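What follows is the content of upload.txt, which has compact mmCIF, C-alpha atoms and all ligand atoms:
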# COMPACT_ATOMS: atom_id res chain seq x y z
CA MET A 1 61.21 19.42 47.79
CA SER A 2 57.45 18.96 48.34
CA ALA A 3 55.44 17.01 45.73
CA ALA A 4 53.34 18.90 43.17
CA PRO A 5 49.64 19.16 44.10
CA LEU A 6 47.47 16.30 42.83
CA ARG A 7 44.68 17.91 40.81
CA TRP A 8 41.28 16.24 41.27
CA GLY A 9 38.44 15.87 38.80
CA ILE A 10 35.07 14.70 40.11
CA LEU A 11 32.81 12.38 38.09
CA GLY A 12 29.20 12.93 39.15
CA THR A 13 27.50 15.60 41.24
CA GLY A 14 25.60 13.40 43.73
CA GLY A 15 25.59 13.19 47.52
CA ILE A 16 28.97 11.61 48.13
CA ALA A 17 30.70 13.75 45.48
CA LYS A 18 29.57 16.85 47.41
CA LYS A 19 30.85 15.47 50.73
CA PHE A 20 34.16 14.46 49.19
CA VAL A 21 34.74 17.90 47.68
CA GLU A 22 33.79 19.65 50.95
CA GLY A 23 36.32 17.44 52.73
CA LEU A 24 39.05 18.24 50.22
CA GLN A 25 38.76 21.96 50.98
CA GLN A 26 40.85 21.20 54.09
CA VAL A 27 43.77 20.11 51.90
CA ALA A 28 43.16 22.34 48.87
CA ASP A 29 46.86 23.21 48.67
CA ARG A 30 47.81 19.56 48.10
CA CYS A 31 44.60 18.21 46.58
CA PRO A 32 42.83 20.99 44.64
CA VAL A 33 39.53 20.15 42.95
CA VAL A 34 39.98 21.58 39.44
CA ALA A 35 36.99 20.16 37.53
CA VAL A 36 33.68 18.32 37.75
CA GLY A 37 31.85 16.33 35.08
CA SER A 38 28.13 15.65 34.97
CA ARG A 39 25.52 14.41 32.50
CA SER A 40 24.09 17.91 32.84
CA LEU A 41 26.18 21.06 32.33
CA ASP A 42 23.80 22.91 34.66
CA SER A 43 24.47 20.43 37.48
CA ALA A 44 28.19 20.65 36.83
CA ARG A 45 28.05 24.47 36.93
CA THR A 46 26.05 24.51 40.17
CA PHE A 47 28.51 22.07 41.73
CA ALA A 48 31.58 23.93 40.43
CA ALA A 49 30.27 27.25 41.77
CA THR A 50 30.86 25.98 45.32
CA VAL A 51 34.59 25.34 44.79
CA ALA A 52 37.15 28.03 43.92
CA GLY A 53 38.94 27.29 40.63
CA CYS A 54 36.66 24.38 39.62
CA ARG A 55 35.65 24.06 35.94
CA ALA A 56 32.33 22.49 34.84
CA HIS A 57 32.05 19.86 32.10
CA GLY A 58 28.73 18.75 30.60
CA SER A 59 29.78 15.12 30.10
CA TYR A 60 31.88 12.53 31.89
CA GLN A 61 34.17 12.11 28.87
CA ALA A 62 34.86 15.87 28.78
CA LEU A 63 36.18 15.63 32.34
CA LEU A 64 38.47 12.76 31.32
CA ASP A 65 39.70 14.80 28.35
CA ASP A 66 40.62 17.75 30.62
CA PRO A 67 44.43 17.91 30.64
CA THR A 68 44.53 19.71 33.99
CA VAL A 69 43.02 16.70 35.82
CA ASP A 70 45.53 14.24 37.33
CA VAL A 71 43.19 11.99 39.30
CA VAL A 72 39.50 11.22 38.93
CA TYR A 73 37.13 10.50 41.81
CA VAL A 74 34.43 8.18 40.40
CA ALA A 75 31.27 8.97 42.40
CA LEU A 76 28.71 7.51 39.98
CA LEU A 77 26.24 4.70 40.59
CA ASN A 78 27.59 1.19 41.16
CA HIS A 79 26.78 -0.14 37.68
CA GLN A 80 28.81 2.71 36.11
CA HIS A 81 31.99 2.35 38.17
CA ALA A 82 33.93 -0.17 36.07
CA GLU A 83 33.20 1.52 32.74
CA TRP A 84 34.35 4.95 33.96
CA CYS A 85 37.36 3.60 35.85
CA ILE A 86 38.48 1.93 32.61
CA ARG A 87 37.84 5.02 30.52
CA ALA A 88 39.69 7.18 33.06
CA ALA A 89 42.75 4.91 32.98
CA GLN A 90 42.64 4.91 29.18
CA ALA A 91 42.70 8.72 29.34
CA GLY A 92 45.83 8.47 31.51
CA LYS A 93 44.09 9.50 34.75
CA HIS A 94 44.67 8.03 38.19
CA VAL A 95 41.47 6.79 39.84
CA LEU A 96 39.84 6.70 43.25
CA CYS A 97 36.53 4.86 42.81
CA GLU A 98 33.68 4.71 45.30
CA LYS A 99 32.94 1.28 46.72
CA PRO A 100 32.08 -1.23 45.37
CA ALA A 101 34.51 -0.56 42.52
CA ALA A 102 32.71 -2.96 40.19
CA MET A 103 29.57 -5.09 39.95
CA THR A 104 31.57 -8.35 39.75
CA ALA A 105 35.13 -9.64 40.12
CA VAL A 106 35.30 -10.09 36.35
CA GLU A 107 34.47 -6.42 35.85
CA LEU A 108 37.08 -5.45 38.41
CA GLU A 109 39.71 -7.50 36.57
CA GLY A 110 38.98 -5.28 33.55
CA VAL A 111 39.52 -2.16 35.68
CA LEU A 112 42.84 -3.43 37.01
CA ALA A 113 43.98 -4.49 33.54
CA ALA A 114 43.27 -0.96 32.28
CA ALA A 115 45.24 0.63 35.14
CA ARG A 116 48.08 -1.85 34.59
CA ALA A 117 48.19 -1.08 30.85
CA ALA A 118 48.04 2.69 31.40
CA GLY A 119 50.49 2.74 34.32
CA THR A 120 47.95 4.63 36.45
CA PHE A 121 46.96 4.52 40.13
CA PHE A 122 43.74 2.80 41.21
CA MET A 123 42.13 2.52 44.64
CA GLU A 124 38.67 1.41 45.75
CA GLY A 125 37.32 4.00 48.19
CA PHE A 126 37.01 2.21 51.51
CA LEU A 127 37.88 5.46 53.23
CA TYR A 128 37.69 4.10 56.79
CA ARG A 129 40.95 2.27 56.16
CA CYS A 130 42.82 5.54 55.68
CA HIS A 131 42.45 6.39 59.39
CA PRO A 132 45.53 5.80 61.59
CA ARG A 133 43.39 4.40 64.41
CA TRP A 134 43.54 0.97 62.78
CA ALA A 135 47.29 0.86 63.41
CA LYS A 136 46.39 1.30 67.10
CA LEU A 137 44.00 -1.65 66.85
CA ARG A 138 46.78 -3.80 65.34
CA GLU A 139 49.00 -2.79 68.30
CA ILE A 140 46.31 -3.80 70.78
CA LEU A 141 45.84 -7.17 69.07
CA ALA A 142 49.62 -7.78 68.91
CA SER A 143 49.92 -6.99 72.64
CA GLY A 144 47.92 -10.17 73.33
CA VAL A 145 45.57 -8.40 75.76
CA ILE A 146 42.51 -10.23 74.35
CA GLY A 147 44.45 -13.44 73.59
CA GLU A 148 43.91 -15.35 70.34
CA VAL A 149 41.32 -13.86 67.97
CA ARG A 150 38.45 -16.33 67.57
CA LEU A 151 35.52 -14.44 66.10
CA LEU A 152 34.87 -11.19 64.24
CA HIS A 153 31.42 -9.65 64.09
CA ALA A 154 30.33 -6.63 62.07
CA VAL A 155 26.98 -4.94 61.46
CA PHE A 156 25.98 -2.17 59.04
CA CYS A 157 22.23 -1.58 59.10
CA PHE A 158 20.39 1.65 58.33
CA ASP A 159 17.13 2.90 56.88
CA GLY A 160 17.68 3.77 53.23
CA SER A 161 14.31 2.51 52.11
CA ALA A 162 13.54 5.84 50.36
CA VAL A 163 16.73 5.75 48.24
CA ARG A 164 15.95 4.51 44.73
CA ARG A 165 19.47 3.43 43.76
CA LEU A 166 19.46 0.85 46.59
CA GLN A 167 16.25 -0.82 45.38
CA GLU A 168 17.14 -1.48 41.74
CA ARG A 169 19.13 -4.38 40.35
CA ALA A 170 20.00 -2.43 37.18
CA LEU A 171 21.71 0.23 39.32
CA GLY A 172 23.70 -2.32 41.36
CA GLY A 173 21.40 -1.99 44.37
CA GLY A 174 21.06 -4.11 47.50
CA ALA A 175 22.32 -4.02 51.08
CA LEU A 176 25.49 -5.98 50.35
CA MET A 177 26.51 -3.69 47.50
CA ASP A 178 25.71 -0.48 49.36
CA VAL A 179 26.82 -1.03 52.95
CA GLY A 180 27.40 -4.78 53.54
CA CYS A 181 30.63 -4.34 51.60
CA TYR A 182 32.02 -2.39 54.61
CA PRO A 183 31.70 -5.16 57.20
CA LEU A 184 32.89 -7.67 54.61
CA SER A 185 36.00 -5.62 53.80
CA TRP A 186 36.68 -5.18 57.51
CA LEU A 187 36.30 -8.89 58.36
CA ARG A 188 38.72 -9.87 55.57
CA TRP A 189 41.18 -7.11 56.58
CA ILE A 190 41.26 -7.97 60.28
CA ALA A 191 41.31 -11.73 59.64
CA GLY A 192 44.25 -11.10 57.34
CA SER A 193 43.24 -13.57 54.63
CA GLU A 194 40.46 -14.53 52.25
CA PRO A 195 37.59 -16.74 53.47
CA VAL A 196 37.85 -20.45 52.65
CA ALA A 197 34.12 -21.04 53.22
CA THR A 198 31.05 -18.80 53.31
CA THR A 199 27.34 -19.09 53.95
CA CYS A 200 24.83 -16.36 53.27
CA LEU A 201 21.09 -15.85 53.75
CA ALA A 202 19.01 -12.87 52.65
CA GLN A 203 15.59 -11.46 52.12
CA LEU A 204 15.21 -10.03 48.58
CA ASN A 205 12.86 -7.41 47.16
CA ALA A 206 10.69 -7.96 44.08
CA ASP A 207 13.47 -6.70 41.78
CA GLY A 208 15.88 -9.31 43.18
CA VAL A 209 18.24 -7.25 45.36
CA ASP A 210 18.91 -8.03 49.02
CA LEU A 211 17.14 -5.99 51.68
CA VAL A 212 18.46 -7.87 54.73
CA THR A 213 21.51 -10.15 54.64
CA SER A 214 23.52 -12.26 57.08
CA ALA A 215 26.73 -14.10 56.24
CA THR A 216 29.26 -16.28 58.03
CA LEU A 217 32.83 -16.64 56.82
CA ARG A 218 35.56 -19.08 57.84
CA PHE A 219 39.14 -17.95 57.28
CA ALA A 220 42.14 -20.23 56.71
CA ASN A 221 43.54 -19.42 60.18
CA GLY A 222 40.33 -20.73 61.79
CA ILE A 223 38.88 -17.29 62.59
CA LEU A 224 35.13 -17.02 61.97
CA GLY A 225 33.48 -13.81 60.84
CA THR A 226 29.81 -12.86 60.81
CA LEU A 227 28.17 -9.90 59.15
CA HIS A 228 24.66 -8.49 59.18
CA THR A 229 23.51 -5.76 56.83
CA SER A 230 20.29 -4.11 55.78
CA PHE A 231 19.01 -0.89 54.24
CA VAL A 232 15.49 -1.34 55.62
CA ALA A 233 16.39 -1.44 59.31
CA HIS A 234 17.00 0.86 62.24
CA ARG A 235 20.54 2.33 62.22
CA HIS A 236 23.00 -0.04 63.90
CA ILE A 237 26.66 0.13 62.96
CA THR A 238 29.21 -1.75 65.03
CA ALA A 239 32.09 -4.21 65.00
CA MET A 240 33.54 -6.57 67.58
CA ILE A 241 36.53 -8.84 67.98
CA GLU A 242 36.18 -11.83 70.34
CA GLY A 243 39.44 -13.22 71.68
CA SER A 244 40.34 -16.13 73.95
CA ARG A 245 40.84 -13.76 76.93
CA GLY A 246 38.74 -10.71 76.09
CA ARG A 247 36.97 -8.71 73.43
CA ILE A 248 37.17 -5.37 71.66
CA ASP A 249 34.00 -3.46 70.83
CA ILE A 250 34.43 -0.87 68.10
CA THR A 251 31.99 2.02 67.96
CA GLU A 252 31.47 3.80 64.62
CA PRO A 253 33.92 1.48 62.88
CA TRP A 254 33.58 3.07 59.44
CA ARG A 255 33.31 6.75 60.32
CA SER A 256 36.24 7.10 62.74
CA THR A 257 34.84 10.38 64.05
CA PRO A 258 36.42 11.67 67.26
CA ASN A 259 33.98 11.58 70.24
CA GLU A 260 31.90 8.89 68.53
CA SER A 261 34.39 6.18 67.63
CA ALA A 262 36.44 4.17 70.09
CA PHE A 263 37.91 0.78 70.90
CA ILE A 264 36.53 -0.64 74.16
CA ILE A 265 38.59 -3.52 75.52
CA THR A 266 36.89 -5.86 77.98
CA THR A 267 38.80 -8.57 79.85
CA ALA A 268 38.47 -10.24 83.25
CA ALA A 269 40.34 -7.20 84.63
CA GLY A 270 37.59 -4.79 83.52
CA SER A 271 36.99 -2.39 80.64
CA GLU A 272 39.25 0.22 79.09
CA THR A 273 38.22 2.71 76.37
CA PHE A 274 40.56 4.09 73.70
CA PRO A 275 38.78 7.03 72.03
CA THR A 276 39.78 8.11 68.52
CA ALA A 277 42.10 11.10 68.74
CA ASP A 278 40.99 14.31 67.01
CA ASP A 279 43.75 15.58 64.72
CA GLY A 280 41.33 17.90 62.91
CA LEU A 281 41.57 16.15 59.57
CA ASN A 282 38.30 14.99 57.99
CA THR A 283 37.91 11.50 56.53
CA TYR A 284 37.75 12.55 52.87
CA ALA A 285 40.85 14.74 53.16
CA ARG A 286 42.62 11.77 54.71
CA GLU A 287 41.51 9.55 51.82
CA ALA A 288 42.75 12.05 49.21
CA LEU A 289 46.08 12.37 51.03
CA THR A 290 46.39 8.57 51.01
CA VAL A 291 46.01 8.62 47.23
CA ALA A 292 48.54 11.46 46.94
CA ALA A 293 51.06 9.59 49.10
CA HIS A 294 50.92 6.43 46.97
CA VAL A 295 50.07 7.65 43.50
CA ALA A 296 53.57 6.84 42.22
CA ASP A 297 53.24 3.25 43.52
CA ARG A 298 49.96 2.84 41.56
CA GLN A 299 48.20 1.25 44.56
CA ALA A 300 47.86 2.09 48.26
CA PRO A 301 48.78 -0.42 50.98
CA VAL A 302 45.47 0.15 52.82
CA MET A 303 43.45 -1.08 49.82
CA THR A 304 45.60 -2.91 47.29
CA TRP A 305 44.42 -4.24 43.94
CA GLY A 306 44.62 -7.81 45.32
CA ASP A 307 42.51 -6.80 48.29
CA SER A 308 39.83 -5.31 46.01
CA LEU A 309 39.83 -8.49 43.93
CA GLY A 310 39.45 -10.68 47.02
CA GLN A 311 36.62 -8.44 48.14
CA ALA A 312 34.87 -8.63 44.75
CA ARG A 313 35.21 -12.42 44.58
CA THR A 314 33.66 -12.83 48.04
CA MET A 315 30.92 -10.34 47.17
CA ASP A 316 30.12 -12.46 44.08
CA ALA A 317 30.03 -15.64 46.19
CA LEU A 318 27.70 -14.15 48.83
CA ARG A 319 25.41 -12.53 46.26
CA HIS A 320 25.06 -15.72 44.26
CA GLN A 321 24.27 -17.80 47.35
CA VAL A 322 21.24 -15.60 48.02
CA GLY A 323 20.17 -15.44 44.38
CA VAL A 324 21.21 -11.89 43.45
CA TRP A 325 22.44 -11.98 39.84
CA TRP A 326 23.05 -9.08 37.46
CA ASP A 327 21.64 -9.17 33.94
CA GLY A 328 23.87 -11.21 31.64
CA GLU A 329 25.93 -12.55 34.55
CA ARG A 330 24.77 -16.20 34.62
N1 LIG A 401 32.00 6.34 50.87
C1 LIG A 401 30.81 6.62 51.35
O1 LIG A 401 30.64 6.93 52.54
C2 LIG A 401 29.64 6.56 50.43
C3 LIG A 401 28.43 7.11 50.84
C4 LIG A 401 27.39 7.12 49.95
C5 LIG A 401 27.57 6.56 48.70
N2 LIG A 401 28.75 6.01 48.33
C6 LIG A 401 28.94 5.44 46.98
O2 LIG A 401 29.04 6.54 46.08
C7 LIG A 401 28.37 6.26 44.87
C8 LIG A 401 27.35 7.37 44.59
O3 LIG A 401 26.43 7.42 45.67
P1 LIG A 401 25.60 8.76 45.98
O4 LIG A 401 24.94 8.51 47.29
O5 LIG A 401 26.43 9.94 45.83
O6 LIG A 401 24.52 8.66 44.81
P2 LIG A 401 23.66 9.85 44.15
O7 LIG A 401 23.55 10.99 45.11
O8 LIG A 401 22.44 9.22 43.62
O9 LIG A 401 24.61 10.35 42.95
C9 LIG A 401 25.02 9.52 41.93
C10 LIG A 401 25.42 10.34 40.73
O10 LIG A 401 25.55 9.43 39.62
C11 LIG A 401 25.21 10.10 38.43
N3 LIG A 401 24.28 9.28 37.65
C12 LIG A 401 24.55 8.77 36.44
N4 LIG A 401 23.51 8.07 35.94
C13 LIG A 401 22.54 8.16 36.87
C14 LIG A 401 21.22 7.67 36.93
N5 LIG A 401 20.72 6.90 35.96
N6 LIG A 401 20.48 7.97 38.01
C15 LIG A 401 20.98 8.71 39.02
N7 LIG A 401 22.24 9.19 39.02
C16 LIG A 401 23.02 8.94 37.95
C17 LIG A 401 24.60 11.44 38.81
O11 LIG A 401 25.57 12.43 38.53
P3 LIG A 401 25.30 13.54 37.40
O12 LIG A 401 23.83 13.85 37.44
O13 LIG A 401 26.13 14.66 37.82
O14 LIG A 401 25.72 12.94 36.09
C18 LIG A 401 24.37 11.35 40.30
O15 LIG A 401 24.52 12.57 40.91
C19 LIG A 401 27.77 4.86 45.02
O16 LIG A 401 28.63 3.94 44.41
C20 LIG A 401 27.76 4.62 46.53
O17 LIG A 401 27.99 3.23 46.83
C21 LIG A 401 29.78 6.03 49.18
Kindly return the structure encoded in the file as structure tokens.
Ligand SMILES: NC(=O)c1ccc[n+]([C@@H]2O[C@H](COP(=O)([O-])OP(=O)(O)OC[C@H]3O[C@@H](n4cnc5c(N)ncnc54)[C@H](OP(=O)(O)O)[C@@H]3O)[C@@H](O)[C@H]2O)c1
Amino acid sequence: MSAAPLRWGILGTGGIAKKFVEGLQQVADRCPVVAVGSRSLDSARTFAATVAGCRAHGSYQALLDDPTVDVVYVALLNHQHAEWCIRAAQAGKHVLCEKPAAMTAVELEGVLAAARAAGTFFMEGFLYRCHPRWAKLREILASGVIGEVRLLHAVFCFDGSAVRRLQERALGGGALMDVGCYPLSWLRWIAGSEPVATTCLAQLNADGVDLVTSATLRFANGILGTLHTSFVAHRHITAMIEGSRGRIDITEPWRSTPNESAFIITTAAGSETFPTADDGLNTYAREALTVAAHVADRQAPVMTWGDSLGQARTMDALRHQVGVWWDGER
């Protein structure tokens, strides 16, 4: 017998909420979007008008009170994530929250405690991890073709200098919070452990958020990881694994789009490219299906609660080294 559809409610009507809902249209039979909540009923109505069967709510709490919603996608600004993840769990809703799921590790502990108490699902939305191509990368690494992994390198730079939410400390802005969290999550995932030492340098804006940031991490197994991130730079998004006998370059590591993303293996024998296969499924549909597949387990193996906590603790450590502190945090 196939599982009942998982009915989605969307918190917020911003850019990523729109993309997520468009993506879910591909899997509307299994993941229907049944409601949206916004600070403004007009925004909610405009948003809902684009999706068949979607109701509009004029407040976030009204969405959480909607009994037809099983799972909430939290697509609000960073400083609002923890509060609404907690409220959603308290309302008995499962949660997929946009990254970063909280401003600090302490906040995230509150989110996890609420999900634990309510018996609900929680996942931080690092959607790239839901793509099966990473299983292929694990196979390549296990084959020994590049030898022992020595160094991981990841870059996420782009020009978001016109985007207000990135500039402001009160909104959880900064390069690390917005996009640096991707390379960090990838380094920790591929290294397979938490860093035992970190160094971080950054250039801050006048409000005290990081514009340009570089970090080095040492993992318990000796692997080193470096990351570079900025939201005031030319677009450059890449990742690389250096081994004792070769390296793997990864194009479009966090989009996984066919024709753009690939693993390129270079050894003394030459170069071989493994493009990402096109199975027709978009990234957001894949993310929603990941939630649906694991909702009964309360966490998904690709982004467990422990993984999110490790991520948040390292984010705190890097942020504090460069002097980015939230109000009331010290
Ligand atoms: N996974 C990805 O690829 C990806 C990409 C971009 C962003 N994100 C993440 O998604 C989240 C939202 O990003 P976004 O780009 O969608 O942001 P956005 O377009 O600015 O939308 C954020 C939404 O938050 C709500 N909001 C509540 N208080 C607000 C305030 N004071 N000012 C502005 N908006 C406020 C608004 O919804 P209402 O007006 O409806 O209440 C707004 O539409 C962030 O956490 C970001 O890190 C993820």
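Nearest-residue note for Phe158 (chain A): choosing from A:Val69, A:Leu176, A:Cys130, A:Val232, the minimum distance belongs to A:Val232, counting all atoms listed in the file.
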Give one line per residue of chain A that approaches ligand LIG 401 (chain A) to at most 9 Å, naming the two atoms of the closest pair and their distance in Å to one decimal, counting only C-alpha atoms and all ligand atoms; sort by chain then ascending residue number and deliver it as a tab-separated table.
residue	atom	partner	partner_atom	distance
A:Leu11	CA	A:LIG401	O13	7.1
A:Gly12	CA	A:LIG401	O11	3.7
A:Thr13	CA	A:LIG401	O13	3.8
A:Gly14	CA	A:LIG401	O15	3.1
A:Gly15	CA	A:LIG401	O5	3.8
A:Ile16	CA	A:LIG401	O5	3.8
A:Ala17	CA	A:LIG401	O5	5.7
A:Lys18	CA	A:LIG401	O5	7.8
A:Lys19	CA	A:LIG401	O5	8.6
A:Phe20	CA	A:LIG401	N1	8.6
A:Val36	CA	A:LIG401	O13	8.4
A:Gly37	CA	A:LIG401	O13	6.6
A:Ser38	CA	A:LIG401	O13	3.6
A:Arg39	CA	A:LIG401	O14	3.9
A:Ser40	CA	A:LIG401	O12	6.1
A:Leu41	CA	A:LIG401	O13	8.4
A:Ser43	CA	A:LIG401	O13	6.0
A:Ala44	CA	A:LIG401	O13	6.4
A:Phe47	CA	A:LIG401	O13	8.7
A:Gly58	CA	A:LIG401	O14	8.5
A:Ser59	CA	A:LIG401	O14	7.6
A:Tyr60	CA	A:LIG401	O14	7.5
A:Val74	CA	A:LIG401	C7	7.8
A:Ala75	CA	A:LIG401	C7	4.7
A:Leu76	CA	A:LIG401	O10	3.7
A:Leu77	CA	A:LIG401	O16	4.6
A:Asn78	CA	A:LIG401	O16	4.4
A:His79	CA	A:LIG401	O16	8.1
A:Gln80	CA	A:LIG401	C12	7.4
A:His81	CA	A:LIG401	O16	7.3
A:Cys97	CA	A:LIG401	O16	8.1
A:Glu98	CA	A:LIG401	O2	5.0
A:Lys99	CA	A:LIG401	O17	5.3
A:Pro100	CA	A:LIG401	O17	6.2
A:Ala101	CA	A:LIG401	O16	7.6
A:Gly125	CA	A:LIG401	N1	6.4
A:Phe126	CA	A:LIG401	N1	6.5
A:Leu127	CA	A:LIG401	N1	6.4
A:Tyr128	CA	A:LIG401	N1	8.5
A:Val163	CA	A:LIG401	O8	8.1
A:Arg164	CA	A:LIG401	O8	8.1
A:Arg165	CA	A:LIG401	O8	6.5
A:Leu166	CA	A:LIG401	O17	8.9
A:Leu171	CA	A:LIG401	N5	7.5
A:Gly172	CA	A:LIG401	O16	8.5
A:Gly173	CA	A:LIG401	O17	8.8
A:Met177	CA	A:LIG401	O17	7.1
A:Asp178	CA	A:LIG401	O17	5.0
A:Val179	CA	A:LIG401	O17	7.5
A:Trp254	CA	A:LIG401	O1	8.4
A:Arg255	CA	A:LIG401	O1	8.2
A:Tyr284	CA	A:LIG401	N1	8.7
Convert the current residue selection to file output with C-alpha atoms, as a PDB file, in the frame of the given file.
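Written output follows (out-v9.pdb):
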ATOM      1  CA  LEU A  11      32.810  12.380  38.090  1.00  0.00           C
ATOM      2  CA  GLY A  12      29.200  12.930  39.150  1.00  0.00           C
ATOM      3  CA  THR A  13      27.500  15.600  41.240  1.00  0.00           C
ATOM      4  CA  GLY A  14      25.600  13.400  43.730  1.00  0.00           C
ATOM      5  CA  GLY A  15      25.590  13.190  47.520  1.00  0.00           C
ATOM      6  CA  ILE A  16      28.970  11.610  48.130  1.00  0.00           C
ATOM      7  CA  ALA A  17      30.700  13.750  45.480  1.00  0.00           C
ATOM      8  CA  LYS A  18      29.570  16.850  47.410  1.00  0.00           C
ATOM      9  CA  LYS A  19      30.850  15.470  50.730  1.00  0.00           C
ATOM     10  CA  PHE A  20      34.160  14.460  49.190  1.00  0.00           C
ATOM     11  CA  VAL A  36      33.680  18.320  37.750  1.00  0.00           C
ATOM     12  CA  GLY A  37      31.850  16.330  35.080  1.00  0.00           C
ATOM     13  CA  SER A  38      28.130  15.650  34.970  1.00  0.00           C
ATOM     14  CA  ARG A  39      25.520  14.410  32.500  1.00  0.00           C
ATOM     15  CA  SER A  40      24.090  17.910  32.840  1.00  0.00           C
ATOM     16  CA  LEU A  41      26.180  21.060  32.330  1.00  0.00           C
ATOM     17  CA  SER A  43      24.470  20.430  37.480  1.00  0.00           C
ATOM     18  CA  ALA A  44      28.190  20.650  36.830  1.00  0.00           C
ATOM     19  CA  PHE A  47      28.510  22.070  41.730  1.00  0.00           C
ATOM     20  CA  GLY A  58      28.730  18.750  30.600  1.00  0.00           C
ATOM     21  CA  SER A  59      29.780  15.120  30.100  1.00  0.00           C
ATOM     22  CA  TYR A  60      31.880  12.530  31.890  1.00  0.00           C
ATOM     23  CA  VAL A  74      34.430   8.180  40.400  1.00  0.00           C
ATOM     24  CA  ALA A  75      31.270   8.970  42.400  1.00  0.00           C
ATOM     25  CA  LEU A  76      28.710   7.510  39.980  1.00  0.00           C
ATOM     26  CA  LEU A  77      26.240   4.700  40.590  1.00  0.00           C
ATOM     27  CA  ASN A  78      27.590   1.190  41.160  1.00  0.00           C
ATOM     28  CA  HIS A  79      26.780  -0.140  37.680  1.00  0.00           C
ATOM     29  CA  GLN A  80      28.810   2.710  36.110  1.00  0.00           C
ATOM     30  CA  HIS A  81      31.990   2.350  38.170  1.00  0.00           C
ATOM     31  CA  CYS A  97      36.530   4.860  42.810  1.00  0.00           C
ATOM     32  CA  GLU A  98      33.680   4.710  45.300  1.00  0.00           C
ATOM     33  CA  LYS A  99      32.940   1.280  46.720  1.00  0.00           C
ATOM     34  CA  PRO A 100      32.080  -1.230  45.370  1.00  0.00           C
ATOM     35  CA  ALA A 101      34.510  -0.560  42.520  1.00  0.00           C
ATOM     36  CA  GLY A 125      37.320   4.000  48.190  1.00  0.00           C
ATOM     37  CA  PHE A 126      37.010   2.210  51.510  1.00  0.00           C
ATOM     38  CA  LEU A 127      37.880   5.460  53.230  1.00  0.00           C
ATOM     39  CA  TYR A 128      37.690   4.100  56.790  1.00  0.00           C
ATOM     40  CA  VAL A 163      16.730   5.750  48.240  1.00  0.00           C
ATOM     41  CA  ARG A 164      15.950   4.510  44.730  1.00  0.00           C
ATOM     42  CA  ARG A 165      19.470   3.430  43.760  1.00  0.00           C
ATOM     43  CA  LEU A 166      19.460   0.850  46.590  1.00  0.00           C
ATOM     44  CA  LEU A 171      21.710   0.230  39.320  1.00  0.00           C
ATOM     45  CA  GLY A 172      23.700  -2.320  41.360  1.00  0.00           C
ATOM     46  CA  GLY A 173      21.400  -1.990  44.370  1.00  0.00           C
ATOM     47  CA  MET A 177      26.510  -3.690  47.500  1.00  0.00           C
ATOM     48  CA  ASP A 178      25.710  -0.480  49.360  1.00  0.00           C
ATOM     49  CA  VAL A 179      26.820  -1.030  52.950  1.00  0.00           C
ATOM     50  CA  TRP A 254      33.580   3.070  59.440  1.00  0.00           C
ATOM     51  CA  ARG A 255      33.310   6.750  60.320  1.00  0.00           C
ATOM     52  CA  TYR A 284      37.750  12.550  52.870  1.00  0.00           C
TER      53      TYR A 284
END
Please provide as a short mmCIF file (atom, residue, chain, number, x, y, z; two decimals) with C-alpha atoms, in the frame of the given file all residues within 9 Å of region 222-231 of chain A, with the sequence filter that same-chain residues fewer than 4 positions apart are discarded (counting only C-alpha atoms).
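The file below, part.cif, is the result:
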data_model
loop_
_atom_site.label_atom_id
_atom_site.label_comp_id
_atom_site.auth_asym_id
_atom_site.auth_seq_id
_atom_site.Cartn_x
_atom_site.Cartn_y
_atom_site.Cartn_z
CA VAL A 149 41.32 -13.86 67.97
CA ARG A 150 38.45 -16.33 67.57
CA LEU A 151 35.52 -14.44 66.10
CA LEU A 152 34.87 -11.19 64.24
CA HIS A 153 31.42 -9.65 64.09
CA ALA A 154 30.33 -6.63 62.07
CA VAL A 155 26.98 -4.94 61.46
CA PHE A 156 25.98 -2.17 59.04
CA CYS A 157 22.23 -1.58 59.10
CA PHE A 158 20.39 1.65 58.33
CA ASP A 159 17.13 2.90 56.88
CA GLY A 160 17.68 3.77 53.23
CA SER A 161 14.31 2.51 52.11
CA LEU A 166 19.46 0.85 46.59
CA GLY A 174 21.06 -4.11 47.50
CA ALA A 175 22.32 -4.02 51.08
CA LEU A 176 25.49 -5.98 50.35
CA ASP A 178 25.71 -0.48 49.36
CA VAL A 179 26.82 -1.03 52.95
CA GLY A 180 27.40 -4.78 53.54
CA CYS A 181 30.63 -4.34 51.60
CA PRO A 183 31.70 -5.16 57.20
CA LEU A 184 32.89 -7.67 54.61
CA LEU A 187 36.30 -8.89 58.36
CA ARG A 188 38.72 -9.87 55.57
CA ALA A 191 41.31 -11.73 59.64
CA PRO A 195 37.59 -16.74 53.47
CA ASP A 210 18.91 -8.03 49.02
CA LEU A 211 17.14 -5.99 51.68
CA VAL A 212 18.46 -7.87 54.73
CA THR A 213 21.51 -10.15 54.64
CA SER A 214 23.52 -12.26 57.08
CA ALA A 215 26.73 -14.10 56.24
CA THR A 216 29.26 -16.28 58.03
CA LEU A 217 32.83 -16.64 56.82
CA ARG A 218 35.56 -19.08 57.84
CA ARG A 235 20.54 2.33 62.22
#
> Pick from A:Val34, A:Ile250, A:Ala117, A:Leu289: nearest to Thr276 (chain A), with only C-alpha atoms counted?
Replying inline: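 Comparing A:Val34, A:Ile250, A:Ala117, A:Leu289 against Thr276 (chain A), the winner is A:Ile250.
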>> Env of Glu272 (chain A): 10 Å cut, atoms = only C-alpha atoms, seq-sep filter 6 positions within chain, self excluded. Answer as a VMD selection string.
In response: chain A and resid 248 263 to 266
